[in-house]
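Below is final.pdb, holding PDB, C-alpha atoms.
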```pdb
ATOM      1  CA  MET A   1     -17.876  32.933 -21.102
ATOM      2  CA  THR A   2     -18.134  30.238 -18.413
ATOM      3  CA  LYS A   3     -16.933  26.708 -18.901
ATOM      4  CA  PRO A   4     -19.673  24.096 -19.199
ATOM      5  CA  SER A   5     -20.144  21.928 -16.122
ATOM      6  CA  PRO A   6     -18.652  18.448 -16.440
ATOM      7  CA  TRP A   7     -21.651  17.073 -14.563
ATOM      8  CA  THR A   8     -24.079  17.114 -17.450
ATOM      9  CA  SER A   9     -25.637  13.666 -17.554
ATOM     10  CA  ALA A  10     -27.894  12.222 -14.887
ATOM     11  CA  LEU A  11     -25.384   9.422 -14.272
ATOM     12  CA  GLU A  12     -22.525  11.867 -13.767
ATOM     13  CA  ARG A  13     -24.611  13.939 -11.361
ATOM     14  CA  GLN A  14     -25.458  10.800  -9.389
ATOM     15  CA  ALA A  15     -21.774   9.865  -9.258
ATOM     16  CA  VAL A  16     -20.824  13.300  -7.941
ATOM     17  CA  ASP A  17     -23.624  13.198  -5.382
ATOM     18  CA  LEU A  18     -22.392   9.809  -4.227
ATOM     19  CA  VAL A  19     -18.766  10.837  -3.830
ATOM     20  CA  GLN A  20     -19.783  13.972  -1.915
ATOM     21  CA  HIS A  21     -21.952  11.878   0.375
ATOM     22  CA  LEU A  22     -19.049   9.501   1.049
ATOM     23  CA  MET A  23     -16.525  12.303   1.583
ATOM     24  CA  ALA A  24     -18.677  13.791   4.336
ATOM     25  CA  ILE A  25     -18.682  10.590   6.392
ATOM     26  CA  PRO A  26     -15.946  10.480   9.069
ATOM     27  CA  GLY A  27     -13.834   7.379   8.693
ATOM     28  CA  LYS A  28     -10.158   7.612   9.482
ATOM     29  CA  SER A  29      -8.071   4.442   9.646
ATOM     30  CA  GLY A  30      -9.514   2.026  12.187
ATOM     31  CA  GLU A  31     -12.874   3.816  12.254
ATOM     32  CA  GLU A  32     -14.407   2.836   8.925
ATOM     33  CA  GLY A  33     -17.724   1.481  10.254
ATOM     34  CA  LEU A  34     -19.940   4.360   9.109
ATOM     35  CA  VAL A  35     -18.440   4.343   5.616
ATOM     36  CA  ALA A  36     -19.044   0.613   5.309
ATOM     37  CA  GLN A  37     -22.666   1.143   6.343
ATOM     38  CA  ALA A  38     -23.083   3.725   3.583
ATOM     39  CA  VAL A  39     -21.620   1.316   1.019
ATOM     40  CA  LYS A  40     -23.989  -1.457   2.103
ATOM     41  CA  GLN A  41     -26.961   0.914   1.969
ATOM     42  CA  PHE A  42     -26.081   1.941  -1.588
ATOM     43  CA  LEU A  43     -25.925  -1.713  -2.607
ATOM     44  CA  ALA A  44     -29.181  -2.505  -0.778
ATOM     45  CA  ASN A  45     -30.877   0.249  -2.778
ATOM     46  CA  MET A  46     -29.677  -1.577  -5.905
ATOM     47  CA  GLY A  47     -31.330  -4.746  -4.679
ATOM     48  CA  VAL A  48     -28.230  -6.517  -3.404
ATOM     49  CA  ALA A  49     -29.112  -8.953  -0.616
ATOM     50  CA  ALA A  50     -27.697  -8.195   2.830
ATOM     51  CA  ASP A  51     -26.077 -11.621   3.092
ATOM     52  CA  ALA A  52     -23.960 -10.850  -0.003
ATOM     53  CA  CYS A  53     -21.966  -8.435   2.176
ATOM     54  CA  ARG A  54     -19.402  -9.893   4.582
ATOM     55  CA  HIS A  55     -16.549  -8.568   6.689
ATOM     56  CA  ASP A  56     -13.359 -10.482   7.305
ATOM     57  CA  THR A  57     -11.355 -10.264  10.536
ATOM     58  CA  ALA A  58      -8.360  -8.273   9.273
ATOM     59  CA  HIS A  59      -8.814  -5.735  12.073
ATOM     60  CA  ARG A  60      -8.247  -8.454  14.683
ATOM     61  CA  ARG A  61      -4.874  -9.247  13.138
ATOM     62  CA  SER A  62      -3.937  -5.615  12.591
ATOM     63  CA  PRO A  63      -1.598  -4.023  15.171
ATOM     64  CA  MET A  64      -3.992  -1.084  15.546
ATOM     65  CA  GLY A  65      -7.187  -3.097  16.062
ATOM     66  CA  GLY A  66     -10.102  -1.194  14.568
ATOM     67  CA  GLU A  67     -13.879  -1.289  14.267
ATOM     68  CA  ILE A  68     -14.304  -3.610  11.287
ATOM     69  CA  GLY A  69     -12.437  -5.790   8.838
ATOM     70  CA  ASN A  70     -12.408  -5.532   5.071
ATOM     71  CA  LEU A  71     -15.825  -5.538   3.397
ATOM     72  CA  PHE A  72     -16.436  -8.123   0.654
ATOM     73  CA  VAL A  73     -19.523  -8.123  -1.545
ATOM     74  CA  HIS A  74     -20.238 -11.052  -3.869
ATOM     75  CA  LEU A  75     -22.490 -10.404  -6.842
ATOM     76  CA  PRO A  76     -23.604 -13.402  -8.927
ATOM     77  CA  GLY A  77     -23.049 -13.610 -12.667
ATOM     78  CA  ASN A  78     -22.445 -15.922 -15.572
ATOM     79  CA  ARG A  79     -19.774 -18.331 -14.334
ATOM     80  CA  ARG A  80     -18.483 -18.829 -17.858
ATOM     81  CA  LEU A  81     -17.257 -15.235 -17.722
ATOM     82  CA  PRO A  82     -14.134 -14.227 -15.769
ATOM     83  CA  ARG A  83     -14.702 -13.167 -12.176
ATOM     84  CA  ILE A  84     -13.876  -9.485 -11.713
ATOM     85  CA  MET A  85     -12.752  -7.864  -8.485
ATOM     86  CA  LEU A  86     -13.168  -4.123  -7.952
ATOM     87  CA  SER A  87     -11.475  -2.678  -4.886
ATOM     88  CA  ALA A  88     -10.845   0.586  -3.050
ATOM     89  CA  HIS A  89     -10.065   1.525   0.533
ATOM     90  CA  LEU A  90     -12.589   2.956   2.974
ATOM     91  CA  ASP A  91     -10.328   4.960   5.281
ATOM     92  CA  THR A  92      -8.976   8.479   4.989
ATOM     93  CA  VAL A  93      -6.208  10.278   6.843
ATOM     94  CA  PRO A  94      -7.291  12.026  10.098
ATOM     95  CA  ILE A  95      -7.193  15.533   8.620
ATOM     96  CA  CYS A  96     -10.167  14.640   6.402
ATOM     97  CA  VAL A  97     -12.494  13.988   9.345
ATOM     98  CA  GLY A  98     -15.056  16.804   9.384
ATOM     99  CA  CYS A  99     -14.890  17.440   5.642
ATOM    100  CA  GLN A 100     -17.838  19.428   4.258
ATOM    101  CA  PRO A 101     -17.698  18.803   0.505
ATOM    102  CA  LYS A 102     -19.327  21.332  -1.786
ATOM    103  CA  ARG A 103     -19.210  22.128  -5.471
ATOM    104  CA  LYS A 104     -17.226  25.160  -6.522
ATOM    105  CA  GLY A 105     -17.310  25.636 -10.280
ATOM    106  CA  ASN A 106     -15.948  22.467 -11.837
ATOM    107  CA  SER A 107     -14.370  21.291  -8.607
ATOM    108  CA  ILE A 108     -15.361  19.845  -5.268
ATOM    109  CA  VAL A 109     -13.816  21.511  -2.231
ATOM    110  CA  SER A 110     -14.278  21.311   1.525
ATOM    111  CA  ALA A 111     -16.291  24.120   3.044
ATOM    112  CA  ASN A 112     -14.350  23.454   6.239
ATOM    113  CA  PRO A 113     -10.935  25.048   5.592
ATOM    114  CA  HIS A 114      -9.350  23.002   8.370
ATOM    115  CA  THR A 115      -9.900  19.627   6.725
ATOM    116  CA  GLY A 116      -8.753  17.751   3.674
ATOM    117  CA  LEU A 117     -11.252  16.553   1.122
ATOM    118  CA  GLY A 118     -10.983  12.810   1.608
ATOM    119  CA  ALA A 119     -11.180  11.995  -2.103
ATOM    120  CA  ASP A 120      -8.425   9.462  -1.356
ATOM    121  CA  ASP A 121     -10.082   7.137  -1.409
ATOM    122  CA  ARG A 122     -13.795   7.962  -1.270
ATOM    123  CA  ALA A 123     -13.586   8.758  -4.980
ATOM    124  CA  GLY A 124     -12.313   5.222  -5.526
ATOM    125  CA  VAL A 125     -15.162   3.760  -3.466
ATOM    126  CA  ALA A 126     -17.676   5.776  -5.477
ATOM    127  CA  ALA A 127     -16.082   4.715  -8.777
ATOM    128  CA  ALA A 128     -16.302   1.028  -7.838
ATOM    129  CA  LEU A 129     -19.917   1.362  -6.726
ATOM    130  CA  MET A 130     -20.985   3.256  -9.837
ATOM    131  CA  ALA A 131     -19.215   0.741 -12.085
ATOM    132  CA  VAL A 132     -21.159  -2.084 -10.443
ATOM    133  CA  ARG A 133     -24.397  -0.198 -10.718
ATOM    134  CA  VAL A 134     -23.902   0.427 -14.437
ATOM    135  CA  ALA A 135     -23.057  -3.231 -15.014
ATOM    136  CA  TRP A 136     -25.995  -4.365 -12.868
ATOM    137  CA  GLU A 137     -28.476  -2.190 -14.756
ATOM    138  CA  SER A 138     -27.166  -2.415 -18.315
ATOM    139  CA  LEU A 139     -26.166  -6.075 -18.710
ATOM    140  CA  ASP A 140     -28.523  -9.013 -18.906
ATOM    141  CA  ALA A 141     -27.852 -12.187 -16.942
ATOM    142  CA  ALA A 142     -25.973 -13.882 -19.792
ATOM    143  CA  HIS A 143     -23.479 -11.018 -20.113
ATOM    144  CA  ARG A 144     -23.071 -10.065 -16.454
ATOM    145  CA  PRO A 145     -19.800 -11.443 -14.997
ATOM    146  CA  PRO A 146     -19.447 -12.574 -11.379
ATOM    147  CA  ILE A 147     -18.190  -9.564  -9.418
ATOM    148  CA  VAL A 148     -16.550  -9.316  -6.022
ATOM    149  CA  LEU A 149     -16.193  -5.931  -4.391
ATOM    150  CA  CYS A 150     -13.433  -5.548  -1.834
ATOM    151  CA  PHE A 151     -13.300  -2.442   0.325
ATOM    152  CA  PHE A 152     -10.116  -2.395   2.377
ATOM    153  CA  VAL A 153      -9.684  -0.864   5.813
ATOM    154  CA  GLN A 154      -6.573   0.781   7.285
ATOM    155  CA  GLU A 155      -4.818   1.431   3.967
ATOM    156  CA  GLU A 156      -3.452   4.808   5.047
ATOM    157  CA  VAL A 157      -1.540   3.409   8.026
ATOM    158  CA  GLY A 158       0.506   0.712   6.312
ATOM    159  CA  LEU A 159      -1.851  -1.334   4.120
ATOM    160  CA  HIS A 160      -3.032  -3.292   7.159
ATOM    161  CA  GLY A 161      -6.352  -4.195   5.538
ATOM    162  CA  SER A 162      -4.817  -5.804   2.468
ATOM    163  CA  ARG A 163      -1.896  -7.220   4.454
ATOM    164  CA  PHE A 164      -4.186  -9.101   6.840
ATOM    165  CA  MET A 165      -7.115  -9.783   4.529
ATOM    166  CA  SER A 166      -8.797 -13.186   4.308
ATOM    167  CA  VAL A 167      -7.646 -13.988   0.771
ATOM    168  CA  SER A 168     -10.214 -16.752   0.323
ATOM    169  CA  GLN A 169     -12.977 -14.143   0.459
ATOM    170  CA  ALA A 170     -11.852 -12.813  -2.936
ATOM    171  CA  LYS A 171     -12.685 -16.182  -4.568
ATOM    172  CA  ARG A 172      -9.756 -16.121  -7.028
ATOM    173  CA  PRO A 173     -10.755 -13.354  -9.485
ATOM    174  CA  GLN A 174      -9.300 -13.473 -12.985
ATOM    175  CA  ILE A 175      -9.376  -9.679 -13.346
ATOM    176  CA  ALA A 176      -8.790  -7.157 -10.569
ATOM    177  CA  LEU A 177      -9.070  -3.375 -10.733
ATOM    178  CA  ASN A 178      -8.148  -1.187  -7.770
ATOM    179  CA  PHE A 179      -9.374   2.393  -7.616
ATOM    180  CA  ASP A 180      -7.161   4.807  -5.678
ATOM    181  CA  GLY A 181      -5.923   8.388  -5.822
ATOM    182  CA  GLY A 182      -4.497   9.829  -9.006
ATOM    183  CA  ASN A 183      -5.411  10.665 -12.561
ATOM    184  CA  PRO A 184      -8.490   8.641 -13.635
ATOM    185  CA  ARG A 185      -6.910   8.237 -17.083
ATOM    186  CA  LYS A 186      -3.888   6.446 -15.624
ATOM    187  CA  LEU A 187      -3.985   2.659 -15.409
ATOM    188  CA  THR A 188      -1.240   0.939 -13.414
ATOM    189  CA  ILE A 189      -0.817  -2.668 -14.511
ATOM    190  CA  GLY A 190       2.049  -3.656 -12.224
ATOM    191  CA  ALA A 191       4.125  -2.486  -9.305
ATOM    192  CA  THR A 192       7.337  -3.644  -7.721
ATOM    193  CA  GLY A 193       7.326  -5.194  -4.285
ATOM    194  CA  GLY A 194       9.865  -3.919  -1.807
ATOM    195  CA  GLU A 195      11.973  -5.282   1.023
ATOM    196  CA  ARG A 196      13.085  -2.638   3.515
ATOM    197  CA  MET A 197      15.975  -3.344   5.817
ATOM    198  CA  LYS A 198      17.379  -1.745   8.943
ATOM    199  CA  ILE A 199      21.028  -2.694   9.431
ATOM    200  CA  GLN A 200      22.791  -2.233  12.765
ATOM    201  CA  LEU A 201      26.512  -2.780  13.257
ATOM    202  CA  HIS A 202      28.088  -2.861  16.727
ATOM    203  CA  GLY A 203      31.774  -2.130  16.864
ATOM    204  CA  ILE A 204      34.348  -1.926  19.655
ATOM    205  CA  PRO A 205      35.152   1.632  20.747
ATOM    206  CA  ALA A 206      38.672   2.801  21.484
ATOM    207  CA  HIS A 207      40.587   6.073  21.454
ATOM    208  CA  ALA A 208      41.576   6.661  17.842
ATOM    209  CA  GLY A 209      44.732   8.552  18.764
ATOM    210  CA  LEU A 210      46.036   6.545  21.720
ATOM    211  CA  ALA A 211      44.994   2.941  21.035
ATOM    212  CA  PRO A 212      43.267   2.469  17.679
ATOM    213  CA  GLN A 213      44.381  -1.166  17.621
ATOM    214  CA  ASP A 214      41.982  -1.881  20.489
ATOM    215  CA  GLY A 215      38.963  -0.824  18.477
ATOM    216  CA  ALA A 216      36.928  -2.320  15.657
ATOM    217  CA  SER A 217      35.048   0.282  13.658
ATOM    218  CA  ALA A 218      31.382  -0.236  12.789
ATOM    219  CA  ILE A 219      31.756   2.446  10.107
ATOM    220  CA  THR A 220      34.681   0.595   8.508
ATOM    221  CA  ALA A 221      32.585  -2.566   8.364
ATOM    222  CA  ALA A 222      29.732  -0.648   6.768
ATOM    223  CA  GLY A 223      32.070   0.858   4.182
ATOM    224  CA  LEU A 224      33.527  -2.525   3.270
ATOM    225  CA  ALA A 225      30.052  -4.008   2.849
ATOM    226  CA  ILE A 226      28.888  -1.168   0.617
ATOM    227  CA  ALA A 227      32.048  -1.362  -1.490
ATOM    228  CA  ASP A 228      31.628  -5.130  -1.860
ATOM    229  CA  LEU A 229      27.991  -4.785  -2.906
ATOM    230  CA  TYR A 230      28.900  -2.110  -5.439
ATOM    231  CA  LYS A 231      31.763  -4.168  -6.884
ATOM    232  CA  LYS A 232      29.540  -7.227  -7.264
ATOM    233  CA  LYS A 233      26.733  -5.124  -8.803
ATOM    234  CA  TRP A 234      24.183  -5.707  -6.069
ATOM    235  CA  LEU A 235      23.502  -1.964  -5.724
ATOM    236  CA  GLY A 236      21.494   0.237  -8.076
ATOM    237  CA  ALA A 237      20.050  -1.530 -11.118
ATOM    238  CA  VAL A 238      20.561  -5.220 -10.373
ATOM    239  CA  ARG A 239      20.574  -7.704 -13.258
ATOM    240  CA  LYS A 240      21.549 -11.311 -12.614
ATOM    241  CA  SER A 241      20.870 -14.398 -14.757
ATOM    242  CA  GLY A 242      18.073 -12.759 -16.717
ATOM    243  CA  ARG A 243      16.316 -11.365 -13.653
ATOM    244  CA  GLN A 244      16.261  -7.742 -12.603
ATOM    245  CA  GLY A 245      15.503  -5.470  -9.707
ATOM    246  CA  THR A 246      16.916  -2.489  -7.847
ATOM    247  CA  SER A 247      18.506  -1.814  -4.477
ATOM    248  CA  ASN A 248      19.701   1.172  -2.534
ATOM    249  CA  ILE A 249      21.331   2.080   0.753
ATOM    250  CA  GLY A 250      19.823   5.476   1.393
ATOM    251  CA  VAL A 251      20.503   6.290   5.041
ATOM    252  CA  ILE A 252      23.608   5.886   7.209
ATOM    253  CA  HIS A 253      24.341   7.128  10.714
ATOM    254  CA  GLY A 254      27.244   6.217  12.915
ATOM    255  CA  GLY A 255      30.000   7.178  15.294
ATOM    256  CA  ALA A 256      30.159   9.778  18.019
ATOM    257  CA  ALA A 257      33.427  11.698  17.573
ATOM    258  CA  THR A 258      36.425  11.863  15.277
ATOM    259  CA  ASN A 259      38.760  10.616  18.034
ATOM    260  CA  VAL A 260      36.691   7.498  18.850
ATOM    261  CA  ILE A 261      36.671   4.257  16.862
ATOM    262  CA  ALA A 262      32.995   4.031  15.865
ATOM    263  CA  GLU A 263      30.999   1.809  18.186
ATOM    264  CA  GLN A 264      27.829   1.863  16.072
ATOM    265  CA  ALA A 265      26.564   2.308  12.553
ATOM    266  CA  GLU A 266      22.967   2.132  11.445
ATOM    267  CA  LEU A 267      21.848   1.976   7.829
ATOM    268  CA  ALA A 268      18.563   1.735   5.962
ATOM    269  CA  ALA A 269      18.361  -0.170   2.696
ATOM    270  CA  GLU A 270      15.779  -1.475   0.283
ATOM    271  CA  ALA A 271      15.474  -4.069  -2.473
ATOM    272  CA  ARG A 272      12.792  -4.009  -5.183
ATOM    273  CA  SER A 273      11.703  -6.319  -7.966
ATOM    274  CA  HIS A 274       8.576  -7.598  -9.667
ATOM    275  CA  ASP A 275      10.035 -11.049  -9.015
ATOM    276  CA  SER A 276       9.500 -11.807  -5.303
ATOM    277  CA  GLU A 277      12.143 -14.543  -5.255
ATOM    278  CA  PHE A 278      14.758 -12.305  -6.849
ATOM    279  CA  ARG A 279      13.809  -9.501  -4.485
ATOM    280  CA  ALA A 280      14.568 -11.838  -1.596
ATOM    281  CA  THR A 281      17.842 -12.817  -3.295
ATOM    282  CA  ILE A 282      18.924  -9.164  -3.430
ATOM    283  CA  ALA A 283      18.010  -8.677   0.232
ATOM    284  CA  ASP A 284      19.972 -11.807   1.158
ATOM    285  CA  ALA A 285      23.022 -10.529  -0.740
ATOM    286  CA  ILE A 286      22.896  -7.247   1.156
ATOM    287  CA  GLU A 287      22.597  -9.039   4.492
ATOM    288  CA  GLN A 288      25.453 -11.407   3.715
ATOM    289  CA  ALA A 289      27.742  -8.563   2.649
ATOM    290  CA  PHE A 290      27.311  -6.872   6.021
ATOM    291  CA  VAL A 291      27.771 -10.133   7.946
ATOM    292  CA  ASP A 292      30.981 -10.901   6.066
ATOM    293  CA  SER A 293      32.367  -7.372   6.354
ATOM    294  CA  ALA A 294      31.635  -7.202  10.079
ATOM    295  CA  ALA A 295      33.632 -10.409  10.609
ATOM    296  CA  ARG A 296      36.590  -8.934   8.664
ATOM    297  CA  VAL A 297      36.947  -5.864  10.884
ATOM    298  CA  THR A 298      38.744  -6.878  14.082
ATOM    299  CA  ASN A 299      40.879  -5.366  16.802
ATOM    300  CA  ALA A 300      44.282  -6.569  18.006
ATOM    301  CA  ARG A 301      42.624  -9.195  20.204
ATOM    302  CA  GLY A 302      40.703 -10.654  17.261
ATOM    303  CA  GLU A 303      37.347  -9.292  18.381
ATOM    304  CA  SER A 304      35.136  -8.317  15.468
ATOM    305  CA  VAL A 305      32.282  -5.996  14.662
ATOM    306  CA  LYS A 306      28.895  -7.635  15.131
TER     307      LYS A 306
END
```

Structure re-expressed in structure tokens:
Amino acid sequence: MTKPSPWTSALERQAVDLVQHLMAIPGKSGEEGLVAQAVKQFLANMGVAADACRHDTAHRRSPMGGEIGNLFVHLPGNRRLPRIMLSAHLDTVPICVGCQPKRKGNSIVSANPHTGLGADDRAGVAAALMAVRVAWESLDAAHRPPIVLCFFVQEEVGLHGSRFMSVSQAKRPQIALNFDGGNPRKLTIGATGGERMKIQLHGIPAHAGLAPQDGASAITAAGLAIADLYKKKWLGAVRKSGRQGTSNIGVIHGGAATNVIAEQAELAAEARSHDSEFRATIADAIEQAFVDSAARVTNARGESVK
């Protein structure tokens, strides 16, 4: 007995057709122009005016350049209702270029075995477009909220689209829903911001067996800083004055040989919190611990680690 197809209603079939159409369009990060054209054509077929669609200049501020900026679409509605923003990103990773989506049972796969599918995030784009279409067709003017669609570029290469977006184009929505990869039944209502730090310590090398007093160890300074942070509870789960966050030092490299006072140490750390000010406070505490510990490690001439 075969399983019934999940694409039973006309609306579901249209949604699947749309996502397959979008998946087949090449559009890696920085080359999202064709995907944006497809989005605008879909909206034009709904009756959305061309001047409702605008691009910002995020690509000009992005380090990788690119064809276009983020695409914003403003749909009018009852201003007494909250403005809603629906967003997704247009780009895929390079391996998805050349995808040939086809249905296989209850799944969609690429007929080209050498490519990925590109559902991240063409499925999100399709979901946002279909949601707007349903609202556009099923709600009368009195019950249709103002909607802004935001389709980001260059998400896969470091969130450049959202990082350099023209925020004023969003027109201060009261509700925002972002569609991206993952289980469609999962709703994420918050995420921690992160500060990532690269820490470099420069010591004074010396022969550890013949003249250790002439050296100042970068590794010793790193160890003192980590110990100080741990003692003062700035590492791991951080809770201070009713605020909370996390931090971690996850990578450390240093030294060249066991008989040489370490000239260098390099560490990678992070601080996270929903509270941006407290996140910065954690990062500042980490920085200060390394500055203080470097100054404490000196050689016989009083020269310290930097």

Which of A:His202, A:Arg163, A:Arg79, A:Arg13 sits closest to Gln264 of chain A [using all atoms listed in the file]: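 Result for the nearest residue to Gln264 of chain A: A:His202.
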
Rank nothing, just name the residue among A:Gly182, A:Pro145, A:Gly69, A:Gly209 nearest to Ser166 of chain A, using all atoms listed in the file.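 Going through A:Gly182, A:Pro145, A:Gly69, A:Gly209 one by one, the smallest distance to Ser166 of chain A is for A:Gly69.
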
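When only C-alpha atoms are used to measure the gap to Gln200 of chain A, the shortest distance among A:Glu263, A:Pro184, A:Asn248, A:Ile147 belongs to A:Glu263.
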
Here's the selection I'm unsure about, the PyMOL selection byres ((chain A and resi 61) around 10); applied to the file above, which residues does it give, as a tab-separated table (two decimals) with C-alpha atoms, in the coordinates of the input?
```
chain	number	residue	atom	x	y	z
A	57	THR	CA	-11.36	-10.26	10.54
A	58	ALA	CA	-8.36	-8.27	9.27
A	59	HIS	CA	-8.81	-5.74	12.07
A	60	ARG	CA	-8.25	-8.45	14.68
A	62	SER	CA	-3.94	-5.62	12.59
A	63	PRO	CA	-1.60	-4.02	15.17
A	64	MET	CA	-3.99	-1.08	15.55
A	65	GLY	CA	-7.19	-3.10	16.06
A	66	GLY	CA	-10.10	-1.19	14.57
A	69	GLY	CA	-12.44	-5.79	8.84
A	160	HIS	CA	-3.03	-3.29	7.16
A	161	GLY	CA	-6.35	-4.20	5.54
A	163	ARG	CA	-1.90	-7.22	4.45
A	164	PHE	CA	-4.19	-9.10	6.84
A	165	MET	CA	-7.12	-9.78	4.53
```

Within 9 Å of segment 273-290 of chain A, counting only C-alpha atoms, which residues qualify if same-chain residues fewer than 4 places away don't, as JSON, numbers by chain? {"A": [190, 191, 192, 193, 194, 195, 196, 197, 199, 201, 221, 222, 224, 225, 226, 228, 229, 234, 235, 238, 240, 243, 244, 245, 246, 247, 269, 294, 295]}

For the selection you just gave me, I'd like the residues written to a file as a CSV table (one decimal), in the coordinates of the input, keeping C-alpha atoms.
```
chain,number,residue,atom,x,y,z
A,190,GLY,CA,2.0,-3.7,-12.2
A,191,ALA,CA,4.1,-2.5,-9.3
A,192,THR,CA,7.3,-3.6,-7.7
A,193,GLY,CA,7.3,-5.2,-4.3
A,194,GLY,CA,9.9,-3.9,-1.8
A,195,GLU,CA,12.0,-5.3,1.0
A,196,ARG,CA,13.1,-2.6,3.5
A,197,MET,CA,16.0,-3.3,5.8
A,199,ILE,CA,21.0,-2.7,9.4
A,201,LEU,CA,26.5,-2.8,13.3
A,221,ALA,CA,32.6,-2.6,8.4
A,222,ALA,CA,29.7,-0.6,6.8
A,224,LEU,CA,33.5,-2.5,3.3
A,225,ALA,CA,30.1,-4.0,2.8
A,226,ILE,CA,28.9,-1.2,0.6
A,228,ASP,CA,31.6,-5.1,-1.9
A,229,LEU,CA,28.0,-4.8,-2.9
A,234,TRP,CA,24.2,-5.7,-6.1
A,235,LEU,CA,23.5,-2.0,-5.7
A,238,VAL,CA,20.6,-5.2,-10.4
A,240,LYS,CA,21.5,-11.3,-12.6
A,243,ARG,CA,16.3,-11.4,-13.7
A,244,GLN,CA,16.3,-7.7,-12.6
A,245,GLY,CA,15.5,-5.5,-9.7
A,246,THR,CA,16.9,-2.5,-7.8
A,247,SER,CA,18.5,-1.8,-4.5
A,269,ALA,CA,18.4,-0.2,2.7
A,294,ALA,CA,31.6,-7.2,10.1
A,295,ALA,CA,33.6,-10.4,10.6
```

Care to translate the PyMOL selection byres ((chain A and resi 109) around 12) into actual residues of this file, as number ranges by chain? A: 19-20, 23-24, 96, 99-108, 110-119

Between A:Met85, A:Ala131, A:Ala44, A:Ala52, single out the one closest to Leu11 of chain A, counting all atoms listed in the file.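 Closest to Leu11 of chain A of all the choices is A:Ala131.
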
Distance criterion (all atoms listed in the file): nearest to Glu156 of chain A out of A:Lys231, A:Arg296, A:Lys40, A:His89: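 Ranked by minimum distance to Glu156 of chain A, first place goes to A:His89.
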
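The smallest atom-to-atom distance between Ala218 of chain A and any of A:Asp180, A:Asp120, A:Glu266, A:Glu32, using all atoms listed in the file, is found for A:Glu266.
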